[in-house]
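Structure file protein.txt; described as compact mmCIF, C-alpha atoms and all ligand atoms.
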```
# COMPACT_ATOMS: atom_id res chain seq x y z
CA MET A 175 107.19 107.40 51.45
CA ILE A 176 109.56 106.35 54.21
CA ILE A 177 109.06 107.97 57.60
CA ASP A 178 112.58 108.67 58.86
CA GLY A 179 112.60 107.91 62.59
CA LYS A 180 116.31 108.48 62.90
CA GLN A 181 115.94 112.05 61.65
CA ALA A 182 112.81 112.66 63.76
CA ALA A 183 114.67 111.42 66.85
CA ALA A 184 117.66 113.66 66.06
CA ASN A 185 115.29 116.65 65.72
CA LEU A 186 113.65 115.82 69.04
CA ARG A 187 117.05 115.59 70.74
CA VAL A 188 118.00 119.03 69.40
CA ALA A 189 114.80 120.48 70.86
CA LEU A 190 115.42 118.67 74.16
CA THR A 191 118.98 119.99 74.39
CA SER A 192 117.63 123.57 74.47
CA GLU A 193 114.87 122.65 76.92
CA VAL A 194 117.33 120.94 79.27
CA SER A 195 119.57 123.98 79.14
CA ALA A 196 116.65 126.38 79.82
CA PHE A 197 115.53 124.19 82.77
CA GLN A 198 119.06 124.20 84.19
CA LYS A 199 119.25 127.99 83.94
CA SER A 200 115.89 128.56 85.61
CA LYS A 201 116.04 125.85 88.32
CA GLY A 202 119.73 125.03 88.68
CA ILE A 203 118.91 121.35 88.23
CA THR A 204 120.45 118.92 85.71
CA PRO A 205 118.00 116.10 84.94
CA SER A 206 119.49 112.68 85.62
CA LEU A 207 118.56 109.18 84.49
CA THR A 208 119.61 105.96 86.20
CA VAL A 209 119.31 102.75 84.23
CA VAL A 210 119.37 99.47 86.14
CA LEU A 211 120.50 96.43 84.18
CA VAL A 212 120.26 92.99 85.78
CA GLY A 213 122.23 90.26 84.02
CA ASP A 214 124.03 90.37 80.70
CA ASP A 215 121.42 90.00 77.94
CA PRO A 216 123.35 91.21 74.83
CA ALA A 217 120.43 93.15 73.27
CA SER A 218 119.81 94.93 76.59
CA GLN A 219 123.47 95.90 76.83
CA VAL A 220 123.27 97.57 73.42
CA TYR A 221 120.11 99.49 74.41
CA VAL A 222 121.64 100.60 77.69
CA ARG A 223 124.80 101.84 75.99
CA ASN A 224 122.78 103.86 73.45
CA LYS A 225 120.58 105.32 76.17
CA ALA A 226 123.59 106.43 78.21
CA LYS A 227 125.30 108.06 75.23
CA GLN A 228 122.22 110.01 74.15
CA THR A 229 121.34 111.08 77.69
CA VAL A 230 124.72 112.79 77.97
CA GLU A 231 124.42 114.27 74.47
CA VAL A 232 121.31 116.27 75.41
CA GLY A 233 123.03 117.59 78.54
CA MET A 234 121.57 115.28 81.17
CA ILE A 235 123.33 113.05 83.69
CA SER A 236 123.45 109.32 82.98
CA ASN A 237 124.07 106.67 85.63
CA GLU A 238 124.12 102.93 85.20
CA ILE A 239 123.75 100.25 87.82
CA ARG A 240 124.77 96.81 86.63
CA LEU A 241 123.75 93.89 88.78
CA PRO A 242 124.58 90.21 88.29
CA ALA A 243 121.95 87.86 86.82
CA ASN A 244 121.55 86.09 90.18
CA THR A 245 120.56 89.31 92.03
CA SER A 246 117.61 88.55 94.30
CA GLN A 247 114.30 90.38 93.99
CA THR A 248 114.76 91.69 97.55
CA SER A 249 118.13 93.13 96.74
CA LEU A 250 116.80 94.80 93.56
CA LEU A 251 113.96 96.27 95.64
CA SER A 252 116.46 97.72 98.14
CA GLN A 253 118.42 99.26 95.29
CA LEU A 254 115.20 100.87 93.96
CA SER A 255 114.37 102.20 97.39
CA LEU A 256 117.74 103.98 97.50
CA LEU A 257 117.11 105.50 94.05
CA ASN A 258 113.53 106.51 94.97
CA ASN A 259 114.89 108.41 97.98
CA ASP A 260 117.82 110.03 96.18
CA ASN A 261 116.81 113.58 95.16
CA SER A 262 119.57 113.75 92.57
CA VAL A 263 117.95 110.89 90.59
CA HIS A 264 115.01 112.09 88.47
CA GLY A 265 114.42 109.09 86.22
CA ILE A 266 114.68 105.37 86.96
CA LEU A 267 114.54 102.73 84.25
CA VAL A 268 114.84 99.04 85.03
CA GLN A 269 115.80 97.36 81.78
CA LEU A 270 113.42 94.54 80.76
CA PRO A 271 113.34 91.61 80.45
CA LEU A 272 114.44 90.71 83.99
CA PRO A 273 115.75 87.26 84.91
CA SER A 274 112.85 84.85 85.40
CA HIS A 275 113.19 84.63 89.22
CA ILE A 276 112.26 88.33 89.48
CA ASP A 277 108.61 89.42 89.15
CA GLU A 278 108.51 92.38 86.75
CA ASN A 279 105.19 93.62 88.11
CA VAL A 280 106.57 93.81 91.65
CA ILE A 281 109.60 95.76 90.43
CA ILE A 282 107.59 98.21 88.32
CA ALA A 283 105.21 98.83 91.24
CA ALA A 284 108.19 99.68 93.48
CA ILE A 285 109.41 102.58 91.33
CA ASN A 286 108.35 106.05 92.49
CA PRO A 287 105.72 107.00 89.82
CA GLU A 288 107.28 110.47 89.47
CA LYS A 289 110.57 108.81 88.48
CA ASP A 290 108.98 106.11 86.30
CA VAL A 291 110.31 107.31 82.92
CA ASP A 292 109.06 104.13 81.23
CA GLY A 293 105.50 105.05 82.24
CA PHE A 294 104.84 101.43 83.25
CA HIS A 295 103.69 102.05 86.86
CA ALA A 296 99.92 101.64 87.43
CA MET A 297 99.74 105.28 88.57
CA ASN A 298 101.01 106.42 85.18
CA SER A 299 99.01 103.94 83.09
CA GLY A 300 95.94 104.90 85.14
CA ARG A 301 96.53 108.59 84.46
CA LEU A 302 96.92 107.85 80.75
CA PHE A 303 93.69 105.81 80.85
CA ASN A 304 91.86 108.72 82.52
CA GLY A 305 93.45 111.32 80.24
CA GLU A 306 94.82 113.12 83.32
CA ALA A 307 97.69 115.58 83.21
CA GLY A 308 101.02 114.65 84.78
CA ALA A 309 101.27 111.12 83.40
CA LEU A 310 104.63 109.82 82.28
CA VAL A 311 103.61 108.09 79.04
CA PRO A 312 105.43 104.99 77.70
CA CYS A 313 108.16 105.94 75.24
CA THR A 314 107.51 103.70 72.22
CA PRO A 315 103.80 104.68 72.00
CA GLN A 316 104.76 108.39 72.16
CA GLY A 317 107.24 107.79 69.35
CA CYS A 318 104.57 106.07 67.23
CA VAL A 319 102.20 109.03 67.50
CA ILE A 320 104.93 111.57 66.73
CA LEU A 321 105.89 109.61 63.59
CA ALA A 322 102.26 109.25 62.45
CA LYS A 323 101.79 113.02 62.88
CA GLN A 324 104.97 113.72 60.99
CA HIS A 325 103.34 112.23 57.91
CA LEU A 326 99.67 113.10 58.50
CA GLY A 327 99.94 116.44 60.29
CA ASN A 328 98.93 117.19 63.87
CA ASP A 329 95.23 116.52 63.46
CA LEU A 330 94.54 112.79 63.48
CA SER A 331 90.84 113.16 64.39
CA GLY A 332 88.41 110.81 62.73
CA LYS A 333 91.13 108.57 61.34
CA HIS A 334 90.66 104.86 61.87
CA ALA A 335 93.70 103.51 63.73
CA VAL A 336 94.14 99.76 63.96
CA VAL A 337 96.66 98.60 66.54
CA VAL A 338 97.85 95.01 66.11
CA GLY A 339 99.04 93.82 69.53
CA ARG A 340 97.78 94.39 73.06
CA SER A 341 100.88 94.50 75.29
CA ASN A 342 101.07 96.81 78.30
CA ILE A 343 104.26 98.32 76.89
CA VAL A 344 103.03 99.22 73.40
CA GLY A 345 99.63 97.98 72.18
CA LYS A 346 97.38 99.23 74.99
CA PRO A 347 99.08 102.59 75.61
CA VAL A 348 99.39 103.46 71.90
CA ALA A 349 95.67 102.71 71.49
CA LEU A 350 94.88 105.11 74.36
CA LEU A 351 97.11 107.85 72.90
CA LEU A 352 95.46 107.51 69.48
CA LEU A 353 92.04 107.68 71.16
CA GLN A 354 93.19 110.90 72.86
CA GLU A 355 94.00 112.17 69.36
CA ASN A 356 90.35 111.51 68.43
CA CYS A 357 91.06 108.50 66.24
CA THR A 358 88.58 105.66 65.95
CA VAL A 359 90.65 102.88 67.49
CA THR A 360 90.50 99.13 66.98
CA ILE A 361 92.82 96.78 68.86
CA ALA A 362 93.51 93.53 67.00
CA HIS A 363 95.46 90.61 68.45
CA SER A 364 96.22 86.91 68.13
CA ARG A 365 92.58 85.90 68.69
CA THR A 366 91.09 88.45 66.29
CA LYS A 367 88.97 86.85 63.56
CA ASN A 368 89.50 88.09 59.99
CA ILE A 369 92.51 90.12 60.98
CA ALA A 370 93.16 90.98 57.31
CA GLU A 371 89.73 92.64 57.01
CA VAL A 372 90.19 94.50 60.28
CA CYS A 373 93.58 95.85 59.20
CA GLN A 374 92.18 96.86 55.78
CA GLN A 375 90.06 99.46 57.62
CA ALA A 376 93.11 101.26 58.92
CA ASP A 377 94.13 104.77 57.93
CA ILE A 378 96.86 104.31 60.55
CA LEU A 379 98.13 100.77 61.10
CA VAL A 380 100.37 100.16 64.12
CA ALA A 381 102.02 96.73 64.20
CA ALA A 382 103.30 95.65 67.62
CA VAL A 383 103.01 91.88 67.79
CA GLY A 384 106.64 90.77 67.82
CA LYS A 385 106.26 88.45 64.82
CA ALA A 386 108.58 88.95 61.85
CA ASN A 387 106.84 90.10 58.63
CA PHE A 388 103.40 89.37 60.11
CA VAL A 389 101.40 92.14 58.42
CA GLN A 390 100.83 91.34 54.74
CA ALA A 391 100.41 93.72 51.79
CA GLU A 392 96.82 92.48 51.18
CA TRP A 393 95.90 93.64 54.70
CA VAL A 394 96.86 97.25 54.00
CA LYS A 395 94.58 99.91 52.53
CA LYS A 396 96.07 101.93 49.70
CA GLY A 397 97.68 105.08 51.09
CA ALA A 398 97.59 103.98 54.75
CA THR A 399 100.22 105.16 57.24
CA VAL A 400 102.05 102.12 58.63
CA ILE A 401 103.97 102.29 61.92
CA ASP A 402 106.07 99.19 62.49
CA VAL A 403 107.10 98.67 66.12
CA GLY A 404 108.59 95.19 65.64
CA ILE A 405 112.28 94.45 66.13
CA ASN A 406 112.78 90.80 65.16
CA ARG A 407 116.15 89.20 64.64
CA ILE A 408 115.99 86.68 61.78
CA GLU A 409 118.55 84.92 59.65
CA ASN A 410 119.07 86.30 56.16
CA SER A 411 118.45 83.29 53.87
CA ASP A 412 121.06 84.49 51.34
CA THR A 413 123.98 85.31 53.61
CA GLY A 414 123.14 83.30 56.73
CA LYS A 415 123.74 86.43 58.81
CA ALA A 416 121.31 87.78 61.40
CA LYS A 417 119.28 90.81 60.37
CA LEU A 418 116.56 92.95 61.93
CA VAL A 419 113.07 93.01 60.47
CA GLY A 420 109.81 94.52 61.66
CA ASP A 421 106.33 93.07 62.18
CA VAL A 422 105.37 94.26 58.68
CA ASP A 423 106.34 92.62 55.39
CA TYR A 424 108.17 95.82 54.43
CA ASP A 425 108.97 95.28 50.74
CA ALA A 426 105.43 94.24 49.81
CA VAL A 427 103.58 96.65 52.11
CA SER A 428 105.62 99.67 50.99
CA GLN A 429 104.14 99.14 47.50
CA VAL A 430 100.58 99.80 48.75
CA CYS A 431 100.81 102.06 51.78
CA GLY A 432 101.20 105.85 51.72
CA ALA A 433 104.01 105.92 54.27
CA ILE A 434 105.88 103.42 56.41
CA THR A 435 108.49 103.40 59.18
CA PRO A 436 111.53 101.24 58.35
CA VAL A 437 113.18 98.70 60.68
CA PRO A 438 115.76 99.64 61.79
CA GLY A 439 115.57 103.44 61.70
CA GLY A 440 111.88 103.98 62.39
CA VAL A 441 110.24 103.66 65.79
CA GLY A 442 113.40 102.38 67.56
CA PRO A 443 115.34 105.67 67.65
CA MET A 444 112.18 107.50 68.74
CA THR A 445 111.83 105.29 71.83
CA ILE A 446 115.14 106.52 73.26
CA ALA A 447 114.46 110.14 72.29
CA CYS A 448 111.10 109.95 74.11
CA LEU A 449 112.84 108.41 77.13
CA LEU A 450 115.01 111.54 77.31
CA LYS A 451 111.86 113.66 76.96
CA ASN A 452 110.30 111.76 79.88
CA THR A 453 113.44 112.23 81.98
CA LEU A 454 113.20 116.01 81.56
CA GLU A 455 109.46 115.80 82.29
CA ALA A 456 110.17 113.79 85.46
CA ALA A 457 112.77 116.32 86.63
CA LYS A 458 110.17 119.09 86.09
CA LEU A 459 107.52 117.14 88.03
CA GLN A 460 109.93 116.78 90.95
CA SER A 461 111.22 120.36 90.97
N1 LIG B 1 113.49 96.56 77.03
C1 LIG B 1 113.19 96.80 75.72
N2 LIG B 1 112.53 97.96 75.60
C2 LIG B 1 112.40 98.48 76.83
C3 LIG B 1 111.82 99.68 77.33
O1 LIG B 1 111.26 100.51 76.62
N3 LIG B 1 111.93 99.86 78.67
C4 LIG B 1 112.51 98.95 79.48
N4 LIG B 1 112.54 99.22 80.78
N5 LIG B 1 113.06 97.84 79.05
C5 LIG B 1 113.00 97.60 77.73
```

How would this structure read if it were set down as structure tokens?
Amino acid sequence: MIIDGKQAAANLRVALTSEVSAFQKSKGITPSLTVVLVGDDPASQVYVRNKAKQTVEVGMISNEIRLPANTSQTSLLSQLSLLNNDNSVHGILVQLPLPSHIDENVIIAAINPEKDVDGFHAMNSGRLFNGEAGALVPCTPQGCVILAKQHLGNDLSGKHAVVVGRSNIVGKPVALLLLQENCTVTIAHSRTKNIAEVCQQADILVAAVGKANFVQAEWVKKGATVIDVGINRIENSDTGKAKLVGDVDYDAVSQVCGAITPVPGGVGPMTIACLLKNTLEAAKLQS
């Protein structure tokens, strides 16, 4: 079975549209998201355009700040300080990756945690770690859990979740969310021994390593739910054109698993939908 992330994201946006409208009626506030893009990375430009379009579609305000690739860290920090102090800005997202002369950690730490719709600030990751209320939770991990539940139902307790990848953006936070859902969680990564055997344990297998077609069919238990976070651009050997593939060998794995998210059209659309959800959440936290 294919888990349709595009449809799930569309459903979430419909729900958000009503919530945004109800929030506006009760508080007189329209949630607003400002995306900061430094430089002209083509993939980032596509993401930013999609974010802006969907933000407006659910009834929120979208602003974009485009800065040249040679923007200094100091000047980016001043820009963030203005946004932090602007009450009409509820969500701030600094598009990653940043040019190499800018320290991402310094930038993330400078965002007001209540406006940190990426959920990357230590205050938010700390709250997630502690299971505290009021955390803004990273978008892709939220999307992964929603898609897993769409196939398995709301109760994931006792399921063995194996997360392949340990990044701050996906691997670690998705592991914490699955733990909160009472899963037994294993985090596997590039130094894991017998990764095939570890993955074979998974009822829920989340692949977030950034390596095209990394997870093999022999690693997957029959009937497992496979969530593929990878977005890898590779050349199609037949046509010579670029195409997107996930971290999972889709054709082979879909023969053994119970359900799988496709690439594109799986986790990707959910990331943006969850960003909109976080923007509304941030506006509520600030109101
Ligand atoms: N670049 C690719 N994905 C993301 C994301 O989720 N947030 C930010 N800030 N940058 C990204």

(request) Can you work out which one of A:Ala376, A:Val263, A:Ile176, A:Ile285 has the shortest atom-to-atom distance to ligand LIG 1 (chain B), counting all atoms listed in the file? (result)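 Once distances to ligand LIG 1 (chain B) are computed over all atoms listed in the file, the minimum belongs to A:Ile285.
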
Would you mind listing, for every residue of chain A within 7 Å of ligand LIG 1 (chain B), the two atoms forming the shortest contact and the distance between them in Å to one decimal, using only C-alpha atoms and all ligand atoms, sorted by chain and ascending residue number, as a Markdown table?
```
| residue | atom | partner | partner_atom | distance |
| --- | --- | --- | --- | --- |
| A:Ser218 | CA | B:LIG1 | N1 | 6.5 |
| A:Leu267 | CA | B:LIG1 | N4 | 5.3 |
| A:Val268 | CA | B:LIG1 | N4 | 4.8 |
| A:Gln269 | CA | B:LIG1 | N4 | 3.9 |
| A:Leu270 | CA | B:LIG1 | N5 | 3.7 |
| A:Pro271 | CA | B:LIG1 | N1 | 6.0 |
| A:Asp292 | CA | B:LIG1 | N3 | 5.7 |
| A:Cys313 | CA | B:LIG1 | O1 | 6.4 |
| A:Thr314 | CA | B:LIG1 | O1 | 6.6 |
| A:Thr445 | CA | B:LIG1 | O1 | 6.8 |
```

Output of the above residues as a compact mmCIF listing (two decimals), in the coordinates of the input, restricted to C-alpha atoms:
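Final file, selection10.txt:
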```
# COMPACT_ATOMS: atom_id res chain seq x y z
CA SER A 218 119.81 94.93 76.59
CA LEU A 267 114.54 102.73 84.25
CA VAL A 268 114.84 99.04 85.03
CA GLN A 269 115.80 97.36 81.78
CA LEU A 270 113.42 94.54 80.76
CA PRO A 271 113.34 91.61 80.45
CA ASP A 292 109.06 104.13 81.23
CA CYS A 313 108.16 105.94 75.24
CA THR A 314 107.51 103.70 72.22
CA THR A 445 111.83 105.29 71.83
```

(message) To one decimal place in Å, what is the distance between atom CA of Asn356 of chain A and atom CA of Asp329 of chain A?
(response)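 We find that atom CA of Asn356 of chain A and atom CA of Asp329 of chain A lie 8.6 Å from each other.
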
(request) Quick one: pull the distance between atom CA of Glu238 of chain A and atom CA of Lys225 of chain A, Å, one decimal. (result) 10.0 Å

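Using only C-alpha atoms, the shortest contact distance between Tyr221 of chain A and any of A:Val291, A:Lys333, A:Ile446, A:Ser192 is found at A:Ile446.
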
(message) Which residue is closest to Leu302 of chain A? Choose from A:Ala183, A:Val348, A:Ile401, A:Ile239 and count only C-alpha atoms.
(response) A:Val348

(request) For Ala386 of chain A, please output as a list in words all residues within 12 Å (counting all atoms listed in the file; exclusion window: fewer than 5 positions along the same chain). (result)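 The filter keeps Ala381, Asp402, Val403, Gly404, Ile405, Asn406, Arg407, Ile408, Glu409, Lys417, Leu418, Val419, Gly420, Asp421, Val422, Asp423, Tyr424 and Val437 of chain A.
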
(request) Quick one: everything within 12 Å of Thr358 of chain A, counting only C-alpha atoms, minus sequence neighbours fewer than 3 positions away in the same chain. Send it as a list in words. (result) Leu330, Ser331, Gly332, Lys333, His334, Ala335, Val336, Val337, Ala349, Leu350, Leu351, Leu352, Leu353, Gln354, Glu355, Ile361, Gln375, Ala376, Asp377, Ile378 and Leu379 of chain A

(message) Neighbouring residues of Asn224 of chain A were defined as those with any atom within 12 Å, considering all atoms listed in the file; residues of the same chain fewer than 3 positions away were excluded. Please report them as a ChimeraX atom specification.
(response) /A:209,217-221,227-231,236,238,442-443,445-447,449-450

(request) Give me, please, the distance in Å between atom CA of Asn452 of chain A and atom CA of Arg223 of chain A, quoted to one decimal. (result)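 Computing it gives 18.0 Å between the two atoms.
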
(message) When you count all atoms listed in the file, which of these residues is closest to Met175 of chain A: A:Gly432, A:Gly265, A:Pro205, A:Gly317?
(response) A:Gly432

(request) Would you kindly identify which residues have an atom no farther than 10 Å from (107.1, 95.2, 87.2), using all atoms listed in the file and the file's own coordinates, and write them out as a PyMOL selection string? (result) chain A and resi 268+270-272+276-285+294-296

Test item: axis-aligned box, all listed atoms of segment 309-315 of chain A, 4 Å on each side, centre and edges in Å rounded to one decimal, as JSON:
```
{"center_x": 104.7, "center_y": 107.4, "center_z": 77.7, "size_x": 14.9, "size_y": 15.4, "size_z": 19.4}
```

(message) Taking only C-alpha atoms into account, name the residue in A:Arg340, A:Lys385, A:Lys289, A:Lys415 that is nearest to Thr453 of chain A.
(response)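 The closest residue to Thr453 of chain A is A:Lys289.
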
(request) Pick out the closest residue to Ile266 of chain A from this set: A:Glu371, A:Glu288, A:Asp215, A:Asp412. Count only C-alpha atoms. (result)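 Of A:Glu371, A:Glu288, A:Asp215, A:Asp412, the one nearest Ile266 of chain A is A:Glu288, counting only C-alpha atoms.
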
(request) Would you kindly return, as a PyMOL selection string, each protein, DNA or RNA residue with an atom no farther than 9 Å from any atom of Val338 of chain A, considering all atoms listed in the file and excluding same-chain residues fewer than 3 positions away? (result) chain A and resi 345+360-364+369+373+379-383+389

Segment 310-367 of chain A written out with C-alpha atoms as an mmCIF file, in the first residue's frame:
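Dumped to decode14.cif:
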```cif
data_model
loop_
_atom_site.group_PDB
_atom_site.id
_atom_site.type_symbol
_atom_site.label_atom_id
_atom_site.label_comp_id
_atom_site.auth_asym_id
_atom_site.auth_seq_id
_atom_site.Cartn_x
_atom_site.Cartn_y
_atom_site.Cartn_z
ATOM 1 C CA LEU A 310 7.481 23.759 18.502
ATOM 2 C CA VAL A 311 8.376 20.356 17.022
ATOM 3 C CA PRO A 312 10.408 19.983 13.793
ATOM 4 C CA CYS A 313 8.143 19.669 10.760
ATOM 5 C CA THR A 314 9.472 16.602 8.922
ATOM 6 C CA PRO A 315 9.400 14.393 12.060
ATOM 7 C CA GLN A 316 5.790 15.480 12.748
ATOM 8 C CA GLY A 317 4.916 14.569 9.171
ATOM 9 C CA CYS A 318 6.523 11.121 9.550
ATOM 10 C CA VAL A 319 4.440 10.298 12.629
ATOM 11 C CA ILE A 320 1.206 11.523 11.029
ATOM 12 C CA LEU A 321 1.852 9.314 7.979
ATOM 13 C CA ALA A 322 2.728 6.266 10.105
ATOM 14 C CA LYS A 323 -0.512 6.743 12.061
ATOM 15 C CA GLN A 324 -2.491 7.131 8.878
ATOM 16 C CA HIS A 325 -1.631 3.529 8.043
ATOM 17 C CA LEU A 326 -1.368 1.985 11.525
ATOM 18 C CA GLY A 327 -3.997 3.957 13.445
ATOM 19 C CA ASN A 328 -3.392 6.355 16.323
ATOM 20 C CA ASP A 329 -1.996 3.813 18.761
ATOM 21 C CA LEU A 330 1.629 3.025 17.943
ATOM 22 C CA SER A 331 2.447 1.675 21.422
ATOM 23 C CA GLY A 332 4.722 -1.326 21.624
ATOM 24 C CA LYS A 333 5.720 -1.123 17.975
ATOM 25 C CA HIS A 334 9.422 -1.363 17.248
ATOM 26 C CA ALA A 335 10.480 1.750 15.335
ATOM 27 C CA VAL A 336 13.908 1.785 13.727
ATOM 28 C CA VAL A 337 15.136 5.199 12.639
ATOM 29 C CA VAL A 338 18.035 5.154 10.183
ATOM 30 C CA GLY A 339 19.862 8.477 10.550
ATOM 31 C CA ARG A 340 20.683 10.674 13.532
ATOM 32 C CA SER A 341 20.486 14.270 12.283
ATOM 33 C CA ASN A 342 19.191 17.072 14.509
ATOM 34 C CA ILE A 343 16.609 17.929 11.852
ATOM 35 C CA VAL A 344 15.042 14.491 11.377
ATOM 36 C CA GLY A 345 16.654 11.413 12.964
ATOM 37 C CA LYS A 346 16.878 12.529 16.592
ATOM 38 C CA PRO A 347 13.541 14.370 16.813
ATOM 39 C CA VAL A 348 11.562 11.638 15.004
ATOM 40 C CA ALA A 349 13.039 9.083 17.430
ATOM 41 C CA LEU A 350 11.852 11.210 20.381
ATOM 42 C CA LEU A 351 8.356 11.605 18.898
ATOM 43 C CA LEU A 352 8.061 7.853 18.336
ATOM 44 C CA LEU A 353 9.222 7.259 21.911
ATOM 45 C CA GLN A 354 6.472 9.649 23.058
ATOM 46 C CA GLU A 355 4.069 7.419 21.117
ATOM 47 C CA ASN A 356 5.289 4.486 23.253
ATOM 48 C CA CYS A 357 7.244 2.802 20.488
ATOM 49 C CA THR A 358 10.390 0.823 21.235
ATOM 50 C CA VAL A 359 12.910 2.965 19.383
ATOM 51 C CA THR A 360 16.259 2.062 17.868
ATOM 52 C CA ILE A 361 18.430 4.667 16.153
ATOM 53 C CA ALA A 362 20.721 3.208 13.484
ATOM 54 C CA HIS A 363 23.375 5.193 11.622
ATOM 55 C CA SER A 364 26.511 4.971 9.514
ATOM 56 C CA ARG A 365 28.497 3.217 12.269
ATOM 57 C CA THR A 366 25.784 0.688 13.152
ATOM 58 C CA LYS A 367 26.978 -2.912 12.837
#
```
